[in-house]
Amino acid sequence: KAGVTQTPRYLIKTRGQQVTLSCSPISGHRSVSWYQQTPGQGLQFLFEYFSETQRNKGNFPGRFSGRQFSNSRSEMNVSTLELGDSALYLCASRLAGGSSYEQYFGPGTRLTVT
Amino acid sequence: AQSVTQLDSHVSVSEGTPVLLRCNYSSSYSPSLFWYVQHPNKGLQLLLKYTSAATLVKGINGFEAEFKKSETSFHLTKPSAHMSDAAEYFCVVSGTGNMLTFGGGTRLMVKP
């Protein structure tokens, strides 16, 4: 089975712009979660989608949003980019929504905001 | 609420010697616990998971972890380190709301 794929892998944007990141989960996986990884804050949970519905949301401003499509692919959008949004954004998928199900991570999208 | 504390931000061992990466957790519920590894410029790879079955969990690449409820610990061990084990390791708890909470990470360095 193919793993979790994320596009693009690298992105450079300017402050004030917006960006959309894409994640394709492992085939058959219905849950997709997004995480932000920075040297200062570590790995932080952004949100989780299951069957096109947002189930959980982390402590991030409303500029961060996401959605999930009927084929379980997910997109994450960040509007009005700030320098502090520079990070590695990781997407993870799992088979179902229970906490015992392990998450499988994609390689990430490295976003640089200048 | 749940939290994870990785007690060492950096661990350095010599190749062929044992590895111990320490993790303490806090959770209001019976948690699921995981260890993930991240090699430079890569995503996270699952090493092993604990989900209330056996307290000693075996994972990939010779790693194992022991769940100790009384100590709220889930330490990761490996009998003999290999150069390819050099990476960052994350202890993770999954509980309330199925959210993953990550520890701060432990960077493992392996000396030849």
# chains A, B, ... in the order shown; residues from 1 in each chain; ligands from 1

$ interface_residues --of "chain B" --to "chain A" --cutoff "12 Å" --atoms "only C-alpha atoms" --output "VMD selection string"
chain B and resid 4 9 29 to 53 88 to 106

$ residues_around --residues "B:Asn61" --least-positions-apart "3" --cutoff "10 Å" --atoms "only C-alpha atoms" --output "MDAnalysis selection string"
chainID B and resid 47 58 64 78 82 84:85

$ residues_around --residues "stretch 74-84 of chain A" --least-positions-apart "2" --cutoff "8 Å" --atoms "only C-alpha atoms" --output "list of chain:residue names"
A:Lys13, A:Thr14, A:Arg15, A:Gly16, A:Gln17, A:Gln18, A:Val19, A:Thr20, A:Leu21, A:Ser22, A:Cys23, A:Ser24, A:Val32, A:Trp34, A:Arg63, A:Phe64, A:Ser65, A:Gly66, A:Arg67, A:Gln68, A:Phe69, A:Ser72, A:Ser86, A:Ala87, A:Thr112, A:Val113, A:Thr114

$ select_by_dssp --residues "chain A" --states "strand (DSSP E)" --output "VMD selection string"
chain A and resid 5 to 7 10 to 13 19 to 24 31 to 38 42 to 50 53 to 57 64 to 68 74 to 78 87 to 94 104 to 105 109 to 113

$ atom_distance --atom1 "atom CA of A:Pro8" --atom2 "atom CA of A:Tyr49"
20.0 Å

$ atom_distance --atom1 "atom CA of B:Pro112" --atom2 "atom CA of B:Leu56"
29.1 Å

$ atom_distance --atom1 "atom CA of B:Leu76" --atom2 "atom CA of B:Leu21"
5.0 Å

$ residues_around --residues "B:Val19" --least-positions-apart "6" --cutoff "8 Å" --atoms "only C-alpha atoms" --output "PyMOL selection string"
chain B and resi 13+76-81

$ residues_around --residues "B:Leu108" --least-positions-apart "6" --cutoff "7 Å" --atoms "only C-alpha atoms" --output "PyMOL selection string"
chain B and resi 10-12+86-88
